[in-house]
Amino acid sequence: MSEPTRGPGDAGDDTRGDLAPALELHGVNKVYPPPTTVTALADIDLVVDAAETVAITGASGAGKSTLLSILGTLDRPTSGMVRIAGTDTSAMADPQLSAVRATRLGFVFQQFYLLEHLSVLDNVATGLLYRGVPAGVRRERAAEVLRQVGLAERMRHRAGQLSGGERQRVAIARAIVGRPAVLLADEPTGNLDSATGTEITQLLAGLADDRTTVVLITHNADVAAAMGRQIHLRDGRIVEDSHPYPAGRDRVR
Ligand code: ADP
């Protein structure tokens, strides 16, 4: 009797657990509807392994934000498959997708989106608000992560009193306090001077040591070079990929 074979989309994908890549796109297209009917992504295949750090570069309009939104399940592709930790997301309803985002993904943006009047500690603790963690534990974990990002001395300050670099550290702490497998960042150093940007880049690259996968969009060549892998988009296609097949893994298709 032959062994059953398993392909993309078969039932049971979600049993692949930690062996599965962190993120997978297979044959992904994104066409924005009329009247514009722009093809923002065309036939994207992308496999990102756990603990990879990936920079997405490309000119304005190349499709970077669309790609990050689809990787983060904030938007759905027009066609193709998106898997998060081996689980196909295409059949998931919105509440299920929200649960995937809340438990597996963290987000960081160019604008920090902090609650200015709240303390740094409480801003970070809000990252655990929807995970059923009691308030006391939320604060303990927030304090732990703030130490990790080098803000132990600033916990009681109001977010509005911090410098740009400190604010981005708070935003990163808030994104990782729930220990997401993947951190997605859209121009995280875009609002920072170059020295501060370098610090934040090092902080993000260092997250891979804790097995966090990092995917970020950047226009800055130094930021891109600090990531382990560089992907360049042009007109919605991947035209360069420094490590197209993650080490030790055959192409999953
Ligand atoms: P980038 O982040 O590289 O600047 P985007 O992903 O924002 O690129 O955009 C890719 C293409 O899709 C662009 O041509 C853009 O104008 C178009 N686009 C982005 N968002 C929308 C939208 N909501 N509706 C229609 N077209 C869009």
# chains A, B, ... in the order shown; residues from 1 in each chain; ligands from 1

$ residues_around --residues "Asp49 in chain A" --least-positions-apart "6" --cutoff "8 Å" --atoms "only C-alpha atoms" --output "count of residues only"
6

$ residues_around --residues "Arg101 in chain A" --least-positions-apart "2" --cutoff "9 Å" --atoms "only C-alpha atoms" --output "PyMOL selection string"
chain A and resi 72-74+96-99+103-106+180

$ write_last_selection --atoms "all heavy atoms" --output "CSV table (one decimal), in the first residue's frame"
chain,number,residue,atom,x,y,z
A,72,GLY,N,0.8,39.6,6.6
A,72,GLY,CA,0.3,39.8,7.9
A,72,GLY,C,-1.2,39.5,8.0
A,72,GLY,O,-1.8,39.8,9.0
A,73,THR,N,-1.8,39.0,6.9
A,73,THR,CA,-3.2,38.7,6.8
A,73,THR,C,-4.1,39.9,7.1
A,73,THR,O,-5.3,39.8,7.5
A,73,THR,CB,-3.7,37.5,7.8
A,73,THR,OG1,-3.7,38.0,9.2
A,73,THR,CG2,-2.7,36.3,7.7
A,74,LEU,N,-3.6,41.1,6.9
A,74,LEU,CA,-4.4,42.3,7.0
A,74,LEU,C,-5.2,42.5,5.7
A,74,LEU,O,-6.2,43.2,5.6
A,74,LEU,CB,-3.5,43.5,7.2
A,74,LEU,CG,-2.8,43.5,8.5
A,74,LEU,CD1,-1.7,44.6,8.6
A,74,LEU,CD2,-3.7,43.7,9.7
A,96,GLN,N,-11.1,34.2,12.7
A,96,GLN,CA,-10.0,33.3,12.8
A,96,GLN,C,-8.7,34.0,12.4
A,96,GLN,O,-7.7,33.7,13.1
A,96,GLN,CB,-10.3,32.1,11.8
A,96,GLN,CG,-10.7,30.8,12.5
A,96,GLN,CD,-10.9,29.8,11.4
A,96,GLN,OE1,-11.6,30.0,10.4
A,96,GLN,NE2,-10.2,28.7,11.5
A,97,LEU,N,-8.8,34.8,11.4
A,97,LEU,CA,-7.6,35.5,10.9
A,97,LEU,C,-7.1,36.5,12.0
A,97,LEU,O,-5.9,36.6,12.3
A,97,LEU,CB,-7.9,36.3,9.7
A,97,LEU,CG,-7.7,35.5,8.3
A,97,LEU,CD1,-7.9,36.5,7.2
A,97,LEU,CD2,-6.4,34.8,8.2
A,98,SER,N,-8.1,37.1,12.7
A,98,SER,CA,-7.7,38.0,13.8
A,98,SER,C,-7.0,37.3,14.9
A,98,SER,O,-6.0,37.7,15.5
A,98,SER,CB,-9.0,38.7,14.4
A,98,SER,OG,-9.6,39.4,13.4
A,99,ALA,N,-7.5,36.0,15.1
A,99,ALA,CA,-6.8,35.2,16.2
A,99,ALA,C,-5.4,34.8,15.8
A,99,ALA,O,-4.5,34.9,16.6
A,99,ALA,CB,-7.7,34.0,16.5
A,103,THR,N,-2.1,36.0,17.9
A,103,THR,CA,-1.2,35.1,18.6
A,103,THR,C,0.1,34.9,17.9
A,103,THR,O,1.1,34.5,18.6
A,103,THR,CB,-1.9,33.7,18.7
A,103,THR,OG1,-2.3,33.3,17.4
A,103,THR,CG2,-3.1,33.8,19.6
A,104,ARG,N,0.2,35.1,16.6
A,104,ARG,CA,1.4,34.7,15.9
A,104,ARG,C,2.2,35.9,15.3
A,104,ARG,O,3.4,35.7,14.9
A,104,ARG,CB,1.1,33.7,14.8
A,104,ARG,CG,0.4,32.5,15.2
A,104,ARG,CD,0.6,31.3,14.3
A,104,ARG,NE,2.0,31.0,14.3
A,104,ARG,CZ,2.6,30.1,15.0
A,104,ARG,NH1,2.0,29.4,15.9
A,104,ARG,NH2,3.9,29.8,14.9
A,105,LEU,N,1.5,37.0,15.1
A,105,LEU,CA,2.2,38.1,14.4
A,105,LEU,C,2.3,39.4,15.2
A,105,LEU,O,1.4,39.7,16.0
A,105,LEU,CB,1.4,38.4,13.1
A,105,LEU,CG,1.1,37.2,12.2
A,105,LEU,CD1,0.2,37.7,11.0
A,105,LEU,CD2,2.4,36.6,11.7
A,106,GLY,N,3.4,40.1,15.1
A,106,GLY,CA,3.5,41.4,15.7
A,106,GLY,C,3.7,42.4,14.6
A,106,GLY,O,4.3,42.1,13.5
A,180,PRO,N,5.3,36.9,19.5
A,180,PRO,CA,4.9,36.4,18.2
A,180,PRO,C,6.0,35.7,17.5
A,180,PRO,O,7.2,36.0,17.8
A,180,PRO,CB,4.5,37.7,17.5
A,180,PRO,CG,5.5,38.7,18.1
A,180,PRO,CD,5.6,38.3,19.5

$ closest_atom_pairs --of "chain A" --to "ligand 1" --cutoff "7 Å" --atoms "only C-alpha atoms and all ligand atoms" --output "tab-separated table"
residue	atom	partner	partner_atom_place_in_ligand_line	distance
A:Tyr32	CA	ligand 1	25 (C)	4.8
A:Pro33	CA	ligand 1	25 (C)	6.8
A:Thr36	CA	ligand 1	25 (C)	5.7
A:Thr37	CA	ligand 1	25 (C)	6.9
A:Val38	CA	ligand 1	26 (N)	5.5
A:Thr39	CA	ligand 1	12 (O)	6.4
A:Ala40	CA	ligand 1	12 (O)	4.2
A:Gly58	CA	ligand 1	3 (O)	6.0
A:Ala59	CA	ligand 1	3 (O)	5.9
A:Ser60	CA	ligand 1	4 (O)	3.7
A:Gly61	CA	ligand 1	8 (O)	3.5
A:Ala62	CA	ligand 1	3 (O)	3.8
A:Gly63	CA	ligand 1	6 (O)	3.3
A:Lys64	CA	ligand 1	3 (O)	3.8
A:Ser65	CA	ligand 1	2 (O)	3.6
A:Thr66	CA	ligand 1	6 (O)	3.7
A:Leu67	CA	ligand 1	6 (O)	6.4
A:Gly236	CA	ligand 1	10 (C)	6.8

$ atom_distance --atom1 "CA of Asn191 in chain A" --atom2 "CA of Gln230 in chain A"
21.3 Å

$ closest_atom_pairs --of "range 156-217 of chain A" --to "range 133-141 of chain A" --cutoff "12 Å" --atoms "only C-alpha atoms" --output "Markdown table"
| residue | atom | partner | partner_atom | distance |
| --- | --- | --- | --- | --- |
| A:Arg156 | CA | A:Arg139 | CA | 11.5 |
| A:Ala173 | CA | A:Arg141 | CA | 10.0 |
| A:Arg174 | CA | A:Arg141 | CA | 10.2 |
| A:Ile176 | CA | A:Arg141 | CA | 10.2 |
| A:Val177 | CA | A:Arg141 | CA | 6.7 |
| A:Gly178 | CA | A:Arg141 | CA | 8.6 |
| A:Arg179 | CA | A:Arg141 | CA | 10.1 |

$ atom_distance --atom1 "CA of Gly206 in chain A" --atom2 "CA of Gln110 in chain A"
19.1 Å

$ closest_residue --among "A:Thr53, A:Gln161, A:Asn29, A:Ser69" --to "Ala205 in chain A" --atoms "only C-alpha atoms"
A:Thr53

$ atom_distance --atom1 "CA of Asp186 in chain A" --atom2 "CA of His157 in chain A"
25.8 Å

$ closest_residue --among "A:Leu68, A:Pro244, A:Thr201, A:Val108" --to "Ala224 in chain A" --atoms "only C-alpha atoms"
A:Thr201

$ residues_around --residues "His243 in chain A" --least-positions-apart "5" --cutoff "10 Å" --atoms "only C-alpha atoms" --output "PyMOL selection string"
chain A and resi 47-48+54+228-231

$ write_last_selection --atoms "N, CA and C atoms" --output "compact mmCIF listing (two decimals), in the first residue's frame"
# COMPACT_ATOMS: atom_id res chain seq x y z
N VAL A 47 9.00 31.79 0.53
CA VAL A 47 9.03 30.95 1.74
C VAL A 47 10.01 31.59 2.72
N VAL A 48 9.52 31.92 3.89
CA VAL A 48 10.37 32.52 4.93
C VAL A 48 10.42 31.56 6.11
N VAL A 54 14.40 39.36 7.04
CA VAL A 54 14.20 39.62 5.61
C VAL A 54 13.91 41.10 5.39
N GLY A 228 19.33 39.26 7.18
CA GLY A 228 20.00 38.09 6.62
C GLY A 228 19.65 37.85 5.16
N ARG A 229 18.51 38.38 4.73
CA ARG A 229 18.03 38.11 3.37
C ARG A 229 17.41 39.38 2.81
N GLN A 230 17.67 39.62 1.53
CA GLN A 230 17.15 40.82 0.86
C GLN A 230 16.30 40.39 -0.33
N ILE A 231 15.10 40.96 -0.40
CA ILE A 231 14.19 40.68 -1.51
C ILE A 231 13.84 42.00 -2.18

$ closest_residue --among "A:Glu116, A:Glu24, A:Asp43, A:Asp241" --to "Gly86 in chain A" --atoms "only C-alpha atoms"
A:Glu24

$ decode --residues "range 83-112 of chain A" --atoms "N, CA and C atoms" --output "PDB file, in the first residue's frame"
ATOM      1  N   ARG A  83       0.225  30.767   3.762  1.00  0.00           N
ATOM      2  CA  ARG A  83       0.281  29.904   4.935  1.00  0.00           C
ATOM      3  C   ARG A  83       1.062  30.599   6.033  1.00  0.00           C
ATOM      4  N   ILE A  84       0.537  30.489   7.244  1.00  0.00           N
ATOM      5  CA  ILE A  84       1.235  30.991   8.427  1.00  0.00           C
ATOM      6  C   ILE A  84       1.556  29.762   9.270  1.00  0.00           C
ATOM      7  N   ALA A  85       2.838  29.529   9.527  1.00  0.00           N
ATOM      8  CA  ALA A  85       3.273  28.348  10.297  1.00  0.00           C
ATOM      9  C   ALA A  85       2.617  27.080   9.767  1.00  0.00           C
ATOM     10  N   GLY A  86       2.521  26.966   8.451  1.00  0.00           N
ATOM     11  CA  GLY A  86       2.026  25.742   7.843  1.00  0.00           C
ATOM     12  C   GLY A  86       0.524  25.681   7.662  1.00  0.00           C
ATOM     13  N   THR A  87      -0.195  26.649   8.205  1.00  0.00           N
ATOM     14  CA  THR A  87      -1.649  26.613   8.112  1.00  0.00           C
ATOM     15  C   THR A  87      -2.136  27.524   6.989  1.00  0.00           C
ATOM     16  N   ASP A  88      -2.925  26.945   6.098  1.00  0.00           N
ATOM     17  CA  ASP A  88      -3.504  27.703   4.991  1.00  0.00           C
ATOM     18  C   ASP A  88      -4.547  28.678   5.539  1.00  0.00           C
ATOM     19  N   THR A  89      -4.384  29.957   5.221  1.00  0.00           N
ATOM     20  CA  THR A  89      -5.296  30.962   5.772  1.00  0.00           C
ATOM     21  C   THR A  89      -6.465  31.274   4.843  1.00  0.00           C
ATOM     22  N   SER A  90      -6.450  30.717   3.616  1.00  0.00           N
ATOM     23  CA  SER A  90      -7.444  31.198   2.644  1.00  0.00           C
ATOM     24  C   SER A  90      -8.877  30.876   3.037  1.00  0.00           C
ATOM     25  N   ALA A  91      -9.084  29.755   3.736  1.00  0.00           N
ATOM     26  CA  ALA A  91     -10.454  29.388   4.099  1.00  0.00           C
ATOM     27  C   ALA A  91     -10.878  29.987   5.439  1.00  0.00           C
ATOM     28  N   MET A  92      -9.976  30.714   6.076  1.00  0.00           N
ATOM     29  CA  MET A  92     -10.320  31.236   7.409  1.00  0.00           C
ATOM     30  C   MET A  92     -11.243  32.435   7.318  1.00  0.00           C
ATOM     31  N   ALA A  93     -12.225  32.486   8.211  1.00  0.00           N
ATOM     32  CA  ALA A  93     -13.082  33.668   8.314  1.00  0.00           C
ATOM     33  C   ALA A  93     -12.315  34.752   9.089  1.00  0.00           C
ATOM     34  N   ASP A  94     -12.817  35.975   9.000  1.00  0.00           N
ATOM     35  CA  ASP A  94     -12.096  37.097   9.604  1.00  0.00           C
ATOM     36  C   ASP A  94     -11.778  36.920  11.100  1.00  0.00           C
ATOM     37  N   PRO A  95     -12.726  36.395  11.912  1.00  0.00           N
ATOM     38  CA  PRO A  95     -12.370  36.231  13.338  1.00  0.00           C
ATOM     39  C   PRO A  95     -11.204  35.264  13.546  1.00  0.00           C
ATOM     40  N   GLN A  96     -11.145  34.223  12.716  1.00  0.00           N
ATOM     41  CA  GLN A  96     -10.033  33.272  12.817  1.00  0.00           C
ATOM     42  C   GLN A  96      -8.722  33.951  12.436  1.00  0.00           C
ATOM     43  N   LEU A  97      -8.785  34.763  11.378  1.00  0.00           N
ATOM     44  CA  LEU A  97      -7.587  35.487  10.950  1.00  0.00           C
ATOM     45  C   LEU A  97      -7.124  36.452  12.043  1.00  0.00           C
ATOM     46  N   SER A  98      -8.080  37.099  12.687  1.00  0.00           N
ATOM     47  CA  SER A  98      -7.720  38.015  13.785  1.00  0.00           C
ATOM     48  C   SER A  98      -7.009  37.251  14.876  1.00  0.00           C
ATOM     49  N   ALA A  99      -7.477  36.033  15.144  1.00  0.00           N
ATOM     50  CA  ALA A  99      -6.846  35.220  16.191  1.00  0.00           C
ATOM     51  C   ALA A  99      -5.424  34.841  15.789  1.00  0.00           C
ATOM     52  N   VAL A 100      -5.221  34.522  14.519  1.00  0.00           N
ATOM     53  CA  VAL A 100      -3.870  34.206  14.025  1.00  0.00           C
ATOM     54  C   VAL A 100      -2.966  35.421  14.209  1.00  0.00           C
ATOM     55  N   ARG A 101      -3.487  36.592  13.828  1.00  0.00           N
ATOM     56  CA  ARG A 101      -2.687  37.823  13.983  1.00  0.00           C
ATOM     57  C   ARG A 101      -2.329  38.064  15.441  1.00  0.00           C
ATOM     58  N   ALA A 102      -3.335  37.906  16.305  1.00  0.00           N
ATOM     59  CA  ALA A 102      -3.117  38.232  17.720  1.00  0.00           C
ATOM     60  C   ALA A 102      -2.115  37.284  18.372  1.00  0.00           C
ATOM     61  N   THR A 103      -2.067  36.045  17.930  1.00  0.00           N
ATOM     62  CA  THR A 103      -1.215  35.074  18.616  1.00  0.00           C
ATOM     63  C   THR A 103       0.124  34.860  17.927  1.00  0.00           C
ATOM     64  N   ARG A 104       0.200  35.071  16.618  1.00  0.00           N
ATOM     65  CA  ARG A 104       1.418  34.691  15.899  1.00  0.00           C
ATOM     66  C   ARG A 104       2.192  35.851  15.300  1.00  0.00           C
ATOM     67  N   LEU A 105       1.528  37.015  15.140  1.00  0.00           N
ATOM     68  CA  LEU A 105       2.174  38.103  14.397  1.00  0.00           C
ATOM     69  C   LEU A 105       2.268  39.372  15.241  1.00  0.00           C
ATOM     70  N   GLY A 106       3.355  40.099  15.060  1.00  0.00           N
ATOM     71  CA  GLY A 106       3.485  41.417  15.668  1.00  0.00           C
ATOM     72  C   GLY A 106       3.738  42.434  14.567  1.00  0.00           C
ATOM     73  N   PHE A 107       3.280  43.668  14.777  1.00  0.00           N
ATOM     74  CA  PHE A 107       3.395  44.704  13.744  1.00  0.00           C
ATOM     75  C   PHE A 107       4.077  45.951  14.305  1.00  0.00           C
ATOM     76  N   VAL A 108       4.946  46.525  13.470  1.00  0.00           N
ATOM     77  CA  VAL A 108       5.608  47.792  13.808  1.00  0.00           C
ATOM     78  C   VAL A 108       5.531  48.683  12.578  1.00  0.00           C
ATOM     79  N   PHE A 109       5.247  49.965  12.801  1.00  0.00           N
ATOM     80  CA  PHE A 109       5.069  50.898  11.679  1.00  0.00           C
ATOM     81  C   PHE A 109       6.009  52.088  11.818  1.00  0.00           C
ATOM     82  N   GLN A 110       6.081  52.846  10.731  1.00  0.00           N
ATOM     83  CA  GLN A 110       6.925  54.038  10.719  1.00  0.00           C
ATOM     84  C   GLN A 110       6.434  55.055  11.767  1.00  0.00           C
ATOM     85  N   GLN A 111       5.108  55.256  11.799  1.00  0.00           N
ATOM     86  CA  GLN A 111       4.520  56.061  12.866  1.00  0.00           C
ATOM     87  C   GLN A 111       4.357  55.102  14.037  1.00  0.00           C
ATOM     88  N   PHE A 112       4.672  55.549  15.232  1.00  0.00           N
ATOM     89  CA  PHE A 112       4.797  54.577  16.315  1.00  0.00           C
ATOM     90  C   PHE A 112       3.443  54.149  16.887  1.00  0.00           C
TER      91      PHE A 112
END
